[in-house]
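Shown below: query33.txt, with compact mmCIF, N, CA and C atoms.
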# COMPACT_ATOMS: atom_id res chain seq x y z
N MET A 17 30.19 -13.95 6.82
CA MET A 17 28.98 -13.38 7.38
C MET A 17 27.88 -13.43 6.31
N GLN A 18 26.72 -13.93 6.70
CA GLN A 18 25.62 -14.04 5.75
C GLN A 18 25.04 -12.66 5.44
N LYS A 19 24.80 -12.43 4.16
CA LYS A 19 24.20 -11.17 3.72
C LYS A 19 22.70 -11.21 4.01
N SER A 20 22.07 -10.05 3.98
CA SER A 20 20.65 -10.00 4.33
C SER A 20 19.86 -9.13 3.37
N ILE A 21 18.58 -9.45 3.31
CA ILE A 21 17.61 -8.60 2.62
C ILE A 21 16.51 -8.31 3.62
N ILE A 22 16.18 -7.04 3.73
CA ILE A 22 15.10 -6.61 4.62
C ILE A 22 13.97 -6.10 3.73
N LEU A 23 12.78 -6.65 3.94
CA LEU A 23 11.60 -6.21 3.22
C LEU A 23 10.75 -5.40 4.19
N ILE A 24 10.52 -4.14 3.86
CA ILE A 24 9.69 -3.28 4.69
C ILE A 24 8.34 -3.14 4.02
N ARG A 25 7.30 -3.57 4.73
CA ARG A 25 5.95 -3.54 4.18
C ARG A 25 5.09 -2.58 4.99
N GLY A 26 4.18 -1.91 4.31
CA GLY A 26 3.28 -1.00 5.00
C GLY A 26 2.44 -0.22 4.01
N ILE A 27 1.37 0.32 4.50
CA ILE A 27 0.48 1.14 3.69
C ILE A 27 1.21 2.45 3.35
N SER A 28 0.90 3.00 2.19
CA SER A 28 1.52 4.27 1.78
C SER A 28 1.36 5.32 2.88
N GLY A 29 2.47 5.98 3.20
CA GLY A 29 2.45 7.01 4.22
C GLY A 29 2.82 6.52 5.61
N SER A 30 3.09 5.21 5.74
CA SER A 30 3.36 4.64 7.07
C SER A 30 4.81 4.77 7.52
N GLY A 31 5.69 5.24 6.65
CA GLY A 31 7.08 5.45 7.05
C GLY A 31 8.07 4.45 6.49
N LYS A 32 7.71 3.70 5.47
CA LYS A 32 8.60 2.69 4.89
C LYS A 32 9.90 3.28 4.37
N THR A 33 9.79 4.33 3.58
CA THR A 33 10.98 4.92 2.98
C THR A 33 11.89 5.52 4.05
N THR A 34 11.30 6.19 5.01
CA THR A 34 12.09 6.77 6.11
C THR A 34 12.85 5.68 6.85
N LEU A 35 12.15 4.59 7.19
CA LEU A 35 12.81 3.48 7.88
C LEU A 35 13.88 2.85 7.01
N GLY A 36 13.58 2.65 5.73
CA GLY A 36 14.56 2.06 4.81
C GLY A 36 15.83 2.89 4.74
N ASN A 37 15.67 4.19 4.64
CA ASN A 37 16.84 5.07 4.58
C ASN A 37 17.64 5.02 5.88
N LEU A 38 16.95 4.95 7.01
CA LEU A 38 17.65 4.85 8.29
C LEU A 38 18.43 3.55 8.40
N LEU A 39 17.82 2.45 7.95
CA LEU A 39 18.49 1.15 8.02
C LEU A 39 19.70 1.07 7.10
N CYS A 40 19.67 1.79 6.00
CA CYS A 40 20.77 1.75 5.03
C CYS A 40 21.90 2.73 5.36
N ALA A 41 21.60 3.77 6.10
CA ALA A 41 22.58 4.83 6.36
C ALA A 41 23.89 4.27 6.89
N GLY A 42 24.94 4.51 6.16
CA GLY A 42 26.28 4.13 6.59
C GLY A 42 26.58 2.65 6.57
N THR A 43 25.68 1.82 6.01
CA THR A 43 25.90 0.37 6.03
C THR A 43 26.39 -0.19 4.70
N GLY A 44 26.23 0.56 3.63
CA GLY A 44 26.57 0.05 2.31
C GLY A 44 25.46 -0.78 1.69
N ALA A 45 24.35 -0.94 2.41
CA ALA A 45 23.21 -1.67 1.87
C ALA A 45 22.53 -0.84 0.78
N VAL A 46 21.91 -1.53 -0.14
CA VAL A 46 21.20 -0.88 -1.24
C VAL A 46 19.74 -0.68 -0.84
N SER A 47 19.23 0.53 -0.98
CA SER A 47 17.84 0.86 -0.68
C SER A 47 17.06 0.91 -1.99
N LEU A 48 15.98 0.12 -2.07
CA LEU A 48 15.22 0.00 -3.31
C LEU A 48 13.72 0.10 -3.06
N ALA A 49 13.01 0.60 -4.06
CA ALA A 49 11.54 0.63 -4.03
C ALA A 49 11.05 0.69 -5.47
N ALA A 50 9.86 0.15 -5.69
CA ALA A 50 9.25 0.26 -7.02
C ALA A 50 9.06 1.73 -7.37
N ASP A 51 8.83 2.57 -6.38
CA ASP A 51 8.64 4.00 -6.62
C ASP A 51 9.86 4.65 -7.28
N ASP A 52 11.05 4.06 -7.11
CA ASP A 52 12.26 4.62 -7.73
C ASP A 52 12.09 4.72 -9.25
N PHE A 53 11.36 3.79 -9.83
CA PHE A 53 11.13 3.74 -11.27
C PHE A 53 10.44 5.01 -11.77
N PHE A 54 9.63 5.60 -10.92
CA PHE A 54 8.84 6.77 -11.31
C PHE A 54 9.49 8.10 -10.94
N THR A 55 10.71 8.04 -10.42
CA THR A 55 11.41 9.25 -10.01
C THR A 55 12.38 9.67 -11.11
N ALA A 56 12.13 10.84 -11.66
CA ALA A 56 12.97 11.38 -12.74
C ALA A 56 14.34 11.77 -12.18
N PRO A 57 15.35 11.91 -13.06
CA PRO A 57 16.69 12.30 -12.60
C PRO A 57 16.71 13.60 -11.79
N ASP A 58 15.75 14.49 -12.06
CA ASP A 58 15.71 15.75 -11.30
C ASP A 58 14.98 15.61 -9.97
N GLY A 59 14.52 14.37 -9.64
CA GLY A 59 13.86 14.11 -8.37
C GLY A 59 12.35 14.19 -8.43
N GLU A 60 11.79 14.62 -9.56
CA GLU A 60 10.34 14.72 -9.68
C GLU A 60 9.73 13.32 -9.77
N TYR A 61 8.65 13.12 -9.01
CA TYR A 61 7.95 11.83 -8.99
C TYR A 61 6.77 11.91 -9.95
N ILE A 62 6.78 11.02 -10.94
CA ILE A 62 5.72 11.01 -11.95
C ILE A 62 5.16 9.58 -12.02
N PHE A 63 4.09 9.35 -11.29
CA PHE A 63 3.48 8.01 -11.23
C PHE A 63 2.65 7.76 -12.47
N THR A 64 2.88 6.62 -13.10
CA THR A 64 2.13 6.20 -14.28
C THR A 64 1.59 4.80 -13.98
N PRO A 65 0.30 4.70 -13.59
CA PRO A 65 -0.26 3.44 -13.12
C PRO A 65 -0.06 2.25 -14.06
N ASN A 66 -0.15 2.46 -15.37
CA ASN A 66 -0.02 1.32 -16.27
C ASN A 66 1.42 0.80 -16.36
N LEU A 67 2.38 1.51 -15.78
CA LEU A 67 3.77 1.04 -15.76
C LEU A 67 4.15 0.35 -14.44
N LEU A 68 3.16 0.15 -13.58
CA LEU A 68 3.45 -0.47 -12.28
C LEU A 68 4.09 -1.86 -12.40
N PRO A 69 3.64 -2.73 -13.31
CA PRO A 69 4.34 -4.02 -13.45
C PRO A 69 5.82 -3.87 -13.81
N GLN A 70 6.13 -2.92 -14.69
CA GLN A 70 7.52 -2.68 -15.06
C GLN A 70 8.31 -2.11 -13.87
N ALA A 71 7.66 -1.28 -13.06
CA ALA A 71 8.33 -0.71 -11.89
C ALA A 71 8.73 -1.81 -10.91
N HIS A 72 7.82 -2.76 -10.68
CA HIS A 72 8.15 -3.86 -9.76
C HIS A 72 9.21 -4.77 -10.36
N ALA A 73 9.15 -5.02 -11.65
CA ALA A 73 10.18 -5.85 -12.31
C ALA A 73 11.54 -5.16 -12.21
N HIS A 74 11.55 -3.84 -12.39
CA HIS A 74 12.80 -3.07 -12.29
C HIS A 74 13.38 -3.16 -10.88
N CYS A 75 12.53 -3.04 -9.87
CA CYS A 75 12.96 -3.15 -8.48
C CYS A 75 13.54 -4.54 -8.21
N GLN A 76 12.85 -5.57 -8.69
CA GLN A 76 13.32 -6.94 -8.50
C GLN A 76 14.65 -7.18 -9.22
N ASP A 77 14.79 -6.64 -10.43
CA ASP A 77 16.05 -6.78 -11.17
C ASP A 77 17.20 -6.11 -10.43
N ARG A 78 16.95 -4.94 -9.88
CA ARG A 78 17.99 -4.23 -9.14
C ARG A 78 18.38 -4.99 -7.87
N ALA A 79 17.38 -5.58 -7.20
CA ALA A 79 17.67 -6.39 -6.01
C ALA A 79 18.50 -7.61 -6.39
N ALA A 80 18.12 -8.28 -7.47
CA ALA A 80 18.85 -9.47 -7.92
C ALA A 80 20.30 -9.13 -8.25
N THR A 81 20.52 -8.00 -8.91
CA THR A 81 21.88 -7.57 -9.25
C THR A 81 22.68 -7.28 -7.99
N ALA A 82 22.08 -6.56 -7.05
CA ALA A 82 22.78 -6.25 -5.80
C ALA A 82 23.14 -7.52 -5.05
N MET A 83 22.21 -8.47 -5.01
CA MET A 83 22.46 -9.72 -4.29
C MET A 83 23.53 -10.55 -5.00
N ALA A 84 23.52 -10.56 -6.32
CA ALA A 84 24.54 -11.28 -7.08
C ALA A 84 25.93 -10.70 -6.81
N ASN A 85 25.96 -9.41 -6.45
CA ASN A 85 27.22 -8.74 -6.13
C ASN A 85 27.54 -8.76 -4.63
N GLY A 86 26.73 -9.50 -3.85
CA GLY A 86 27.00 -9.65 -2.43
C GLY A 86 26.62 -8.48 -1.55
N ARG A 87 25.77 -7.59 -2.07
CA ARG A 87 25.35 -6.43 -1.29
C ARG A 87 24.11 -6.74 -0.48
N SER A 88 24.02 -6.21 0.71
CA SER A 88 22.78 -6.30 1.49
C SER A 88 21.77 -5.35 0.87
N VAL A 89 20.49 -5.70 1.03
CA VAL A 89 19.42 -4.98 0.34
C VAL A 89 18.28 -4.67 1.31
N VAL A 90 17.71 -3.48 1.17
CA VAL A 90 16.49 -3.10 1.88
C VAL A 90 15.49 -2.67 0.81
N VAL A 91 14.35 -3.37 0.77
CA VAL A 91 13.31 -3.03 -0.20
C VAL A 91 12.10 -2.52 0.58
N HIS A 92 11.65 -1.31 0.24
CA HIS A 92 10.49 -0.73 0.92
C HIS A 92 9.38 -0.49 -0.10
N ASN A 93 8.48 -1.48 -0.15
CA ASN A 93 7.29 -1.44 -0.99
C ASN A 93 6.09 -1.73 -0.09
N THR A 94 4.89 -1.57 -0.60
CA THR A 94 3.72 -1.82 0.24
C THR A 94 3.62 -3.29 0.65
N PHE A 95 3.90 -4.22 -0.24
CA PHE A 95 3.88 -5.66 0.08
C PHE A 95 2.65 -6.03 0.92
N CYS A 96 1.47 -5.67 0.46
CA CYS A 96 0.25 -5.95 1.21
C CYS A 96 -0.01 -7.44 1.37
N GLN A 97 0.46 -8.23 0.39
CA GLN A 97 0.20 -9.67 0.44
C GLN A 97 1.47 -10.45 0.15
N ARG A 98 1.46 -11.71 0.58
CA ARG A 98 2.63 -12.59 0.46
C ARG A 98 3.16 -12.67 -0.96
N TRP A 99 2.27 -12.82 -1.94
CA TRP A 99 2.72 -13.03 -3.31
C TRP A 99 3.59 -11.88 -3.80
N GLU A 100 3.43 -10.68 -3.25
CA GLU A 100 4.23 -9.53 -3.66
C GLU A 100 5.67 -9.64 -3.14
N MET A 101 5.86 -10.36 -2.05
CA MET A 101 7.19 -10.54 -1.48
C MET A 101 7.90 -11.77 -2.03
N GLN A 102 7.13 -12.70 -2.57
CA GLN A 102 7.67 -14.01 -2.97
C GLN A 102 8.90 -13.93 -3.89
N PRO A 103 8.93 -13.05 -4.90
CA PRO A 103 10.14 -12.99 -5.74
C PRO A 103 11.41 -12.70 -4.93
N TYR A 104 11.27 -11.90 -3.88
CA TYR A 104 12.43 -11.57 -3.04
C TYR A 104 12.81 -12.76 -2.16
N PHE A 105 11.83 -13.50 -1.69
CA PHE A 105 12.12 -14.73 -0.93
C PHE A 105 12.88 -15.71 -1.81
N ASP A 106 12.44 -15.83 -3.06
CA ASP A 106 13.11 -16.74 -4.00
C ASP A 106 14.54 -16.31 -4.27
N MET A 107 14.76 -15.00 -4.45
CA MET A 107 16.12 -14.48 -4.65
C MET A 107 17.00 -14.75 -3.44
N ALA A 108 16.42 -14.55 -2.27
CA ALA A 108 17.19 -14.75 -1.04
C ALA A 108 17.63 -16.20 -0.92
N GLU A 109 16.74 -17.11 -1.26
CA GLU A 109 17.10 -18.53 -1.21
C GLU A 109 18.21 -18.84 -2.21
N LYS A 110 18.09 -18.31 -3.40
CA LYS A 110 19.09 -18.54 -4.46
C LYS A 110 20.47 -18.04 -4.03
N HIS A 111 20.51 -16.90 -3.36
CA HIS A 111 21.79 -16.27 -3.00
C HIS A 111 22.20 -16.52 -1.55
N ASP A 112 21.45 -17.35 -0.85
CA ASP A 112 21.73 -17.66 0.55
C ASP A 112 21.75 -16.40 1.42
N TYR A 113 20.70 -15.62 1.29
CA TYR A 113 20.53 -14.39 2.08
C TYR A 113 19.54 -14.64 3.21
N ARG A 114 19.79 -14.01 4.33
CA ARG A 114 18.83 -14.03 5.43
C ARG A 114 17.75 -12.99 5.13
N VAL A 115 16.49 -13.34 5.35
CA VAL A 115 15.37 -12.44 5.08
C VAL A 115 14.76 -11.96 6.40
N THR A 116 14.53 -10.67 6.48
CA THR A 116 13.80 -10.08 7.60
C THR A 116 12.66 -9.27 7.01
N VAL A 117 11.46 -9.50 7.53
CA VAL A 117 10.30 -8.72 7.09
C VAL A 117 9.88 -7.81 8.24
N VAL A 118 9.82 -6.53 7.94
CA VAL A 118 9.44 -5.52 8.92
C VAL A 118 8.14 -4.87 8.44
N SER A 119 7.19 -4.72 9.33
CA SER A 119 5.92 -4.10 8.97
C SER A 119 5.75 -2.77 9.69
N THR A 120 5.47 -1.74 8.90
CA THR A 120 5.10 -0.45 9.48
C THR A 120 3.58 -0.31 9.49
N TYR A 121 2.90 -1.26 8.86
CA TYR A 121 1.44 -1.30 8.65
C TYR A 121 0.88 0.09 8.38
N ASP A 122 0.24 0.71 9.37
CA ASP A 122 -0.32 2.05 9.13
C ASP A 122 0.38 3.12 9.96
N GLY A 123 1.46 2.74 10.64
CA GLY A 123 2.20 3.71 11.44
C GLY A 123 1.38 4.38 12.51
N GLY A 124 0.23 3.76 12.89
CA GLY A 124 -0.64 4.34 13.89
C GLY A 124 -1.52 5.47 13.36
N CYS A 125 -1.58 5.59 12.04
CA CYS A 125 -2.33 6.68 11.42
C CYS A 125 -3.69 6.23 10.90
N THR A 126 -4.59 7.16 10.80
CA THR A 126 -5.88 6.91 10.16
C THR A 126 -5.66 6.92 8.64
N ASP A 127 -6.66 6.46 7.92
CA ASP A 127 -6.57 6.48 6.45
C ASP A 127 -6.39 7.90 5.94
N GLU A 128 -7.09 8.83 6.53
CA GLU A 128 -6.99 10.22 6.12
C GLU A 128 -5.57 10.77 6.36
N GLU A 129 -5.00 10.43 7.50
CA GLU A 129 -3.62 10.87 7.79
C GLU A 129 -2.63 10.25 6.82
N LEU A 130 -2.82 8.97 6.50
CA LEU A 130 -1.93 8.30 5.54
C LEU A 130 -2.02 8.95 4.17
N ALA A 131 -3.24 9.28 3.74
CA ALA A 131 -3.42 9.93 2.44
C ALA A 131 -2.71 11.28 2.41
N GLU A 132 -2.71 11.97 3.53
CA GLU A 132 -2.05 13.27 3.60
C GLU A 132 -0.53 13.12 3.71
N ARG A 133 -0.06 12.11 4.45
CA ARG A 133 1.37 11.93 4.72
C ARG A 133 2.16 11.37 3.55
N ASN A 134 1.56 10.46 2.77
CA ASN A 134 2.36 9.77 1.77
C ASN A 134 2.90 10.75 0.74
N GLY A 135 4.10 10.50 0.30
CA GLY A 135 4.79 11.42 -0.59
C GLY A 135 4.51 11.21 -2.06
N HIS A 136 3.59 10.33 -2.39
CA HIS A 136 3.37 10.01 -3.79
C HIS A 136 1.94 10.23 -4.26
N GLY A 137 1.17 10.95 -3.47
CA GLY A 137 -0.17 11.32 -3.90
C GLY A 137 -1.17 10.18 -3.94
N VAL A 138 -0.95 9.12 -3.15
CA VAL A 138 -1.92 8.03 -3.11
C VAL A 138 -3.19 8.56 -2.45
N PRO A 139 -4.32 8.50 -3.16
CA PRO A 139 -5.56 9.06 -2.61
C PRO A 139 -6.17 8.18 -1.53
N LEU A 140 -7.14 8.73 -0.85
CA LEU A 140 -7.81 8.05 0.26
C LEU A 140 -8.35 6.68 -0.15
N ASP A 141 -8.99 6.58 -1.32
CA ASP A 141 -9.53 5.28 -1.73
C ASP A 141 -8.42 4.26 -1.97
N GLY A 142 -7.25 4.70 -2.41
CA GLY A 142 -6.11 3.80 -2.58
C GLY A 142 -5.60 3.30 -1.23
N ILE A 143 -5.55 4.18 -0.25
CA ILE A 143 -5.15 3.82 1.11
C ILE A 143 -6.13 2.79 1.67
N GLN A 144 -7.41 3.04 1.50
CA GLN A 144 -8.44 2.13 2.00
C GLN A 144 -8.36 0.76 1.32
N ARG A 145 -8.05 0.75 0.03
CA ARG A 145 -7.89 -0.50 -0.70
C ARG A 145 -6.71 -1.31 -0.14
N MET A 146 -5.60 -0.62 0.15
CA MET A 146 -4.44 -1.30 0.74
C MET A 146 -4.80 -1.90 2.09
N ARG A 147 -5.50 -1.13 2.90
CA ARG A 147 -5.89 -1.63 4.23
C ARG A 147 -6.81 -2.85 4.09
N ASN A 148 -7.75 -2.80 3.15
CA ASN A 148 -8.68 -3.92 2.94
C ASN A 148 -7.98 -5.17 2.41
N ASN A 149 -6.90 -4.99 1.66
CA ASN A 149 -6.17 -6.12 1.09
C ASN A 149 -5.03 -6.61 1.98
N TRP A 150 -4.81 -5.94 3.10
CA TRP A 150 -3.67 -6.24 3.96
C TRP A 150 -3.75 -7.67 4.49
N GLU A 151 -2.68 -8.39 4.32
CA GLU A 151 -2.56 -9.76 4.79
C GLU A 151 -1.64 -9.75 6.01
N GLU A 152 -2.26 -9.66 7.18
CA GLU A 152 -1.47 -9.58 8.41
C GLU A 152 -0.59 -10.82 8.58
N ASN A 153 -1.18 -11.98 8.41
CA ASN A 153 -0.45 -13.23 8.57
C ASN A 153 0.10 -13.66 7.20
N TRP A 154 1.02 -12.86 6.66
CA TRP A 154 1.55 -13.09 5.32
C TRP A 154 2.27 -14.42 5.20
N GLY A 155 2.82 -14.93 6.29
CA GLY A 155 3.58 -16.18 6.25
C GLY A 155 2.76 -17.37 5.76
N SER A 156 1.46 -17.33 6.02
CA SER A 156 0.61 -18.42 5.55
C SER A 156 -0.18 -18.02 4.31
N GLY A 157 0.16 -16.87 3.75
CA GLY A 157 -0.52 -16.39 2.55
C GLY A 157 -0.11 -17.17 1.31
N ASP A 158 -0.91 -17.08 0.28
CA ASP A 158 -0.64 -17.76 -0.99
C ASP A 158 0.51 -17.04 -1.70
N PRO A 159 1.60 -17.76 -2.00
CA PRO A 159 2.75 -17.11 -2.65
C PRO A 159 2.54 -16.87 -4.15
N ARG A 160 1.47 -17.38 -4.71
CA ARG A 160 1.22 -17.22 -6.14
C ARG A 160 0.48 -15.92 -6.42
N PRO A 161 0.82 -15.24 -7.51
CA PRO A 161 0.06 -14.04 -7.86
C PRO A 161 -1.39 -14.41 -8.17
N PRO A 162 -2.31 -13.47 -7.96
CA PRO A 162 -3.73 -13.76 -8.14
C PRO A 162 -4.07 -14.35 -9.51
N TRP A 163 -3.39 -13.93 -10.56
CA TRP A 163 -3.71 -14.42 -11.91
C TRP A 163 -3.25 -15.86 -12.13
N GLU A 164 -2.47 -16.43 -11.20
CA GLU A 164 -2.05 -17.84 -11.31
C GLU A 164 -2.85 -18.76 -10.40
N ARG A 165 -3.75 -18.20 -9.62
CA ARG A 165 -4.51 -19.03 -8.68
C ARG A 165 -5.67 -19.72 -9.34
Can the structure in the file be given as structure tokens, please?
Amino acid sequence: MQKSIILIRGISGSGKTTLGNLLCAGTGAVSLAADDFFTAPDGEYIFTPNLLPQAHAHCQDRAATAMANGRSVVVHNTFCQRWEMQPYFDMAEKHDYRVTVVSTYDGGCTDEELAERNGHGVPLDGIQRMRNNWEENWGSGDPRPPWER
């Protein structure tokens, strides 16, 4: 049976983590997010913006390890644009995993509701920036990070 990786994309507060946890419940799949990097052992979330590249690298490393061990994976990050998902597509190809991309987009919420709902204190201007950068048709998006274009 082919293993799978599910990428859940959406604006902060749209329900990515909730959906990821539901999809993983009782399946043995690994649930991952860049936000895990900022969660202390006691459960406190301490976001440090300048560590965001390390957080994403940590998430990708954990996904690669899980896939190398034959585990199914669910990654719930914002993934506003194709290039943010590309490392996972590359891993899936390397390990012969089926990829499913699920979008929660805004969960039917306004920007103000998303700012209030998200569990990590993303402010209204951050929510609006995500919405403005959202690549609906990610499949035809540029897979290269902006600094390589």
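Counting all atoms listed in the file and comparing A:His92, A:Glu151, A:Leu68, A:Gly142, the residue that lies closest to Leu23 of chain A is A:His92.
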Secondary structure check, alpha helix (DSSP H) residues of segment 44-158 of chain A, as a VMD selection string: chain A and resid 68 to 84 98 to 111 127 to 133 140 to 149
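Reported to one decimal place, the separation of atom C of Gly157 of chain A from atom N of Asn93 of chain A is 17.9 Å.
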Point-to-point distance in Å for atom N of Asp141 of chain A and atom CA of Ile22 of chain A: 28.1 Å
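The list of residues with at least one atom within 9 Å of Thr116 of chain A, based on only C-alpha atoms and without residues fewer than 2 positions apart in the same chain, reads Ser20, Ile21, Ile22, Leu23, Ile24, Arg114 and Val118 of chain A.
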Close residues, segment 122-124 of chain A itself excluded, 6.5 Å, only N, CA and C atoms, min 6 positions apart in chain, as a ChimeraX atom specification: /A:26-27,29-31
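Protein and nucleic acid residues near (21.2, -14.5, -5.4) are Ala79, Ala80, Thr81, Ala82, Met83, Ala84, Asn85, Gly86, Asp106, Met107, Ala108, Glu109, Lys110, His111, Asp112 and Tyr113 of chain A, the criterion being any atom at most 8 Å away using only N, CA and C atoms.
You can rank A:Arg25, A:Cys75, A:Met146, A:Glu128 by their closest distance to Leu48 of chain A using all atoms listed in the file, and at the top of that list sits A:Cys75.
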Could you make a table, as a tab-separated table, of the residues of segment 71-120 of chain A that have an atom within 6 Å of an atom of segment 41-46 of chain A, each with its nearest atom pair and distance in Å to one decimal, counting only N, CA and C atoms, in chain and number order?
residue	atom	partner	partner_atom	distance
A:Arg87	C	A:Ala45	CA	5.7
A:Ser88	C	A:Val46	N	4.0
A:Val89	CA	A:Val46	N	4.3
A:Val90	N	A:Val46	C	4.0
Segment 52-61 of chain A environment, 12 Å, only C-alpha atoms, sequence neighbours closer than 4 positions dropped, as an MDAnalysis selection string: chainID A and resid 33 47:48 65:78 91:93 135:137
Atomic distance atom N of Ala131 of chain A - atom CA of Pro103 of chain A, expressed in Å with one decimal: 27.7 Å
Filtered DSSP result for segment 29-155 of chain A, state strand (DSSP E), as a count of residues only: 15
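Distance annotation: of A:Ser156, A:Arg98, A:Thr126, A:Ser28, the residue with the minimal separation from Pro139 of chain A is A:Ser28; atom set is only C-alpha atoms.
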Contacts of Asn149 of chain A within 8 Å, only N, CA and C atoms, excl. fewer than 5 positions in-chain, as a PyMOL selection string: chain A and resi 95-97+143-144
